[in-house]
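This report concerns only the one structure given below.
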Amino acid sequence: MDGYGIDSLPGFPRAVTLCEVGPRDGLQNEAGLVPVQVKVELVERLVDAGHTVVETTSMVHPAWVPQLADAEEVLRRIDRRPGVRYPVLVPNLRGLERALDLGVTDVAVFGSATESFARANLNRGVDESLEMFAPVVARAREAGLRVRGYLSMCWGDPWEGAVPIPRVVSVATRLLGLGCTELALGDTIGVATPGRVVALIGALRAAGVALDRIAVHFHDTYGQGLANCLAALQRGVTTVDAAAGGLGGCPYARSATGNLATEDLLWQLDGLGVHTGVDLAKLVETSVWLAGELGRPSPSRTVRALSGA
Ligand code: MG
């Protein structure tokens, strides 16, 4: 989107990879079930808009996440294009085998920095969940896959409050030690502020984690998503998660506000002259279409401003 000028800031990367998490992280938090055809069309529209990484679905048992019970059908129906990655969440070896059967090349495991969230979300503690992931990551790497290790509750946890940085660094380095190729730092309840983001990235760097292994995943619960992204990018992070139209939420966060909206982030990155390859106008069209399918407007300010909604 042009017309309002572009100026860069010192210390910024020239290009950023957007990891679009709307189809998985967004739709898994929808109250209603979204038809398979809508999910397939969503993924294809996101790729048409220029996305090269679209987290597509999850192989979690349908009893836990009924919203994504159609994972296999979605994967079969998507026209997977060369140069585009379609990561899939896999909770265990069985999920990984199902993903491998469908030719998936990118998977993700979903860990937690805190005991409370590990128990709430995975029904086991941090140590046990890492033990569960170990063979999954090993098998995936052996099969030549990229493996993202999500780390939830990196800055705050609804039961434990502020999460100590050494704690996060410890679980993060253990996840990478299992063989994860990327670490996604999740602010699952959206409580982080920019100084806290910079402090954690600095601690991870000091622990020997390379910047190109780090991705950030912010939620906009307290309106800090963009500020936190800006801080992470200024520290040299170049992979950022966002969800089209701000889809999704977290059942453990008080507010219904969910993932940082890709359009809001793109407005900022376009204005800073940072290359993403994603076309804002096409993305807005997609979110407006999806809002119609879901029966409610997008919470993204940029979607609203550009669509006149
Ligand atoms: Mg999220």
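Going by the structure tokens order, chains are called A, B, ..., each with residues numbered from 1, while ligands are numbered from 1 in the order shown.
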
As a short mmCIF file (atom, residue, chain, number, x, y, z; two decimals) with N, CA and C atoms, in the first residue's frame, please: every protein or nucleic acid residue near ligand 1 (cut-off 10 Å, counting only C-alpha atoms and all ligand atoms).
data_model
loop_
_atom_site.label_atom_id
_atom_site.label_comp_id
_atom_site.auth_asym_id
_atom_site.auth_seq_id
_atom_site.Cartn_x
_atom_site.Cartn_y
_atom_site.Cartn_z
N VAL A 21 -0.42 -17.43 10.52
CA VAL A 21 -0.94 -18.50 11.38
C VAL A 21 -2.47 -18.54 11.46
N GLY A 22 -3.12 -17.70 10.64
CA GLY A 22 -4.59 -17.63 10.70
C GLY A 22 -5.30 -18.97 10.54
N ARG A 24 -4.50 -22.00 11.16
CA ARG A 24 -4.37 -22.94 12.28
C ARG A 24 -4.67 -22.24 13.61
N ASP A 25 -3.81 -21.32 14.01
CA ASP A 25 -3.96 -20.68 15.32
C ASP A 25 -5.24 -19.86 15.39
N GLY A 26 -5.60 -19.25 14.26
CA GLY A 26 -6.82 -18.45 14.24
C GLY A 26 -8.06 -19.33 14.30
N GLN A 28 -8.51 -22.41 14.99
CA GLN A 28 -8.69 -23.39 16.08
C GLN A 28 -9.36 -22.74 17.28
N ASN A 29 -9.36 -21.41 17.31
CA ASN A 29 -10.01 -20.71 18.42
C ASN A 29 -11.39 -20.16 18.05
N SER A 152 5.20 -21.38 24.40
CA SER A 152 4.09 -20.53 24.87
C SER A 152 4.45 -19.85 26.19
N GLY A 186 6.23 -17.29 22.02
CA GLY A 186 4.82 -16.90 22.05
C GLY A 186 4.45 -16.08 23.27
N ASP A 187 3.80 -14.93 22.99
CA ASP A 187 3.21 -14.15 24.08
C ASP A 187 1.74 -14.52 24.09
N THR A 188 1.46 -15.69 24.63
CA THR A 188 0.16 -16.35 24.48
C THR A 188 -1.01 -15.55 25.03
N ILE A 189 -0.78 -14.77 26.10
CA ILE A 189 -1.87 -13.96 26.65
C ILE A 189 -1.65 -12.47 26.39
N GLY A 190 -0.66 -12.16 25.55
CA GLY A 190 -0.50 -10.79 25.06
C GLY A 190 -0.06 -9.76 26.08
N HIS A 217 5.89 -14.37 18.18
CA HIS A 217 4.45 -14.62 18.00
C HIS A 217 3.70 -13.82 19.07
N PHE A 218 3.20 -12.67 18.64
CA PHE A 218 2.56 -11.77 19.61
C PHE A 218 1.05 -11.77 19.49
N HIS A 219 0.42 -11.54 20.63
CA HIS A 219 -1.02 -11.37 20.67
C HIS A 219 -1.31 -9.93 21.05
N ASP A 220 -2.43 -9.43 20.56
CA ASP A 220 -2.72 -8.01 20.70
C ASP A 220 -3.66 -7.70 21.86
N ASP A 241 5.25 -13.91 13.29
CA ASP A 241 3.95 -14.54 13.09
C ASP A 241 2.85 -13.49 13.13
N ALA A 242 1.82 -13.72 12.35
CA ALA A 242 0.64 -12.88 12.43
C ALA A 242 -0.51 -13.65 11.78
N ALA A 243 -1.74 -13.23 12.11
CA ALA A 243 -2.90 -13.92 11.57
C ALA A 243 -3.74 -12.93 10.76
N GLY A 246 -6.43 -10.63 12.16
CA GLY A 246 -6.38 -10.74 13.63
C GLY A 246 -7.19 -11.91 14.16
N LEU A 247 -7.32 -12.94 13.31
CA LEU A 247 -8.07 -14.14 13.70
C LEU A 247 -7.54 -14.77 14.96
N GLY A 248 -8.43 -15.35 15.71
CA GLY A 248 -8.01 -16.21 16.82
C GLY A 248 -7.88 -15.49 18.14
N GLY A 249 -7.74 -16.27 19.17
CA GLY A 249 -7.59 -15.71 20.50
C GLY A 249 -6.87 -16.73 21.33
N CYS A 250 -7.00 -16.62 22.61
CA CYS A 250 -6.44 -17.64 23.49
C CYS A 250 -7.48 -17.88 24.56
N GLY A 258 -7.15 -11.46 19.68
CA GLY A 258 -6.28 -12.59 19.41
C GLY A 258 -4.92 -12.23 18.88
N ASN A 259 -4.53 -12.99 17.88
CA ASN A 259 -3.23 -12.81 17.27
C ASN A 259 -3.10 -11.41 16.68
N LEU A 260 -1.87 -10.95 16.64
CA LEU A 260 -1.60 -9.71 15.93
C LEU A 260 -2.09 -9.87 14.48
#

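Those residues in range 174-231 of chain A carrying a DSSP assignment of strand (DSSP E or B), computed from the backbone, are Glu182, Leu183, Ala184, Leu185, Gly186, Ile214, Ala215, Val216, His217 and His219 of chain A.
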
Mind dumping the selected residues with N, CA and C atoms as an mmCIF file, in the first residue's frame?
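The result, stored in out_13.cif:
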data_model
loop_
_atom_site.group_PDB
_atom_site.id
_atom_site.type_symbol
_atom_site.label_atom_id
_atom_site.label_comp_id
_atom_site.auth_asym_id
_atom_site.auth_seq_id
_atom_site.Cartn_x
_atom_site.Cartn_y
_atom_site.Cartn_z
ATOM 1 N N GLU A 182 13.661 -24.013 14.389
ATOM 2 C CA GLU A 182 13.228 -22.646 14.674
ATOM 3 C C GLU A 182 12.522 -22.624 16.027
ATOM 4 N N LEU A 183 12.682 -21.518 16.713
ATOM 5 C CA LEU A 183 12.050 -21.332 18.008
ATOM 6 C C LEU A 183 11.063 -20.169 17.868
ATOM 7 N N ALA A 184 9.787 -20.417 18.169
ATOM 8 C CA ALA A 184 8.794 -19.338 18.074
ATOM 9 C C ALA A 184 8.395 -18.914 19.478
ATOM 10 N N LEU A 185 8.769 -17.693 19.840
ATOM 11 C CA LEU A 185 8.502 -17.176 21.187
ATOM 12 C C LEU A 185 7.078 -16.637 21.229
ATOM 13 N N GLY A 186 6.226 -17.287 22.024
ATOM 14 C CA GLY A 186 4.819 -16.904 22.047
ATOM 15 C C GLY A 186 4.451 -16.077 23.266
ATOM 16 N N ILE A 214 15.200 -17.534 15.659
ATOM 17 C CA ILE A 214 14.140 -16.988 16.523
ATOM 18 C C ILE A 214 13.008 -16.367 15.700
ATOM 19 N N ALA A 215 11.773 -16.763 16.032
ATOM 20 C CA ALA A 215 10.584 -16.099 15.491
ATOM 21 C C ALA A 215 9.781 -15.562 16.668
ATOM 22 N N VAL A 216 8.974 -14.555 16.419
ATOM 23 C CA VAL A 216 8.147 -14.009 17.501
ATOM 24 C C VAL A 216 6.669 -14.111 17.141
ATOM 25 N N HIS A 217 5.885 -14.373 18.178
ATOM 26 C CA HIS A 217 4.447 -14.619 17.999
ATOM 27 C C HIS A 217 3.699 -13.816 19.067
ATOM 28 N N HIS A 219 0.424 -11.544 20.628
ATOM 29 C CA HIS A 219 -1.024 -11.370 20.666
ATOM 30 C C HIS A 219 -1.308 -9.926 21.050
#

Discussion item. Using only C-alpha atoms, which protein or nucleic acid residues come within 9 Å of Thr302 in chain A? Drop anything in the same chain fewer than 3 positions from it, and give the result as a VMD selection string.
Written reply: chain A and resid 245 261 263 to 267 284 299 305 to 307

Fill in: Nearest candidate to Val137 in chain A (options A:Val168, A:Ala99, A:Ala108, A:Ala192; using only C-alpha atoms)
A:Ala108

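Compared by their closest atoms to Val278 in chain A, and using only C-alpha atoms, the residues A:Ala244, A:Tyr150, A:Arg301, A:Asn228 rank with A:Ala244 nearest.
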
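With only C-alpha atoms as the atoms that count, the residue of A:Gly111, A:Gly292, A:Pro82, A:Gly161 with the shortest distance to Gly125 in chain A is A:Gly111.
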
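Of the listed residues A:Pro164, A:Gly95, A:Gly50, A:Pro158, the one whose atoms come nearest to Lys282 in chain A is A:Gly50, with distances taken using only C-alpha atoms.
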
Need to verify the contact set: Cys180 in chain A, 8 Å, only C-alpha atoms, exclusion of same-chain residues closer than 5 positions in sequence. Can you return it as a compact mmCIF listing (two decimals) with N, CA and C atoms, in the first residue's frame?
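So the final result, stored in result.txt, reads:
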# COMPACT_ATOMS: atom_id res chain seq x y z
N VAL A 137 10.52 -34.82 17.16
CA VAL A 137 11.48 -33.94 16.48
C VAL A 137 12.55 -34.78 15.78
N ARG A 146 11.58 -29.47 8.33
CA ARG A 146 11.85 -28.35 9.22
C ARG A 146 10.91 -28.50 10.41
N VAL A 147 11.42 -28.20 11.59
CA VAL A 147 10.60 -28.33 12.79
C VAL A 147 10.64 -27.03 13.60
N ARG A 148 9.48 -26.44 13.73
CA ARG A 148 9.38 -25.24 14.56
C ARG A 148 9.02 -25.67 15.97
N GLY A 149 9.69 -25.10 16.95
CA GLY A 149 9.34 -25.35 18.34
C GLY A 149 8.66 -24.11 18.90
N LEU A 175 14.42 -27.11 23.85
CA LEU A 175 13.65 -27.35 22.62
C LEU A 175 14.57 -27.37 21.40
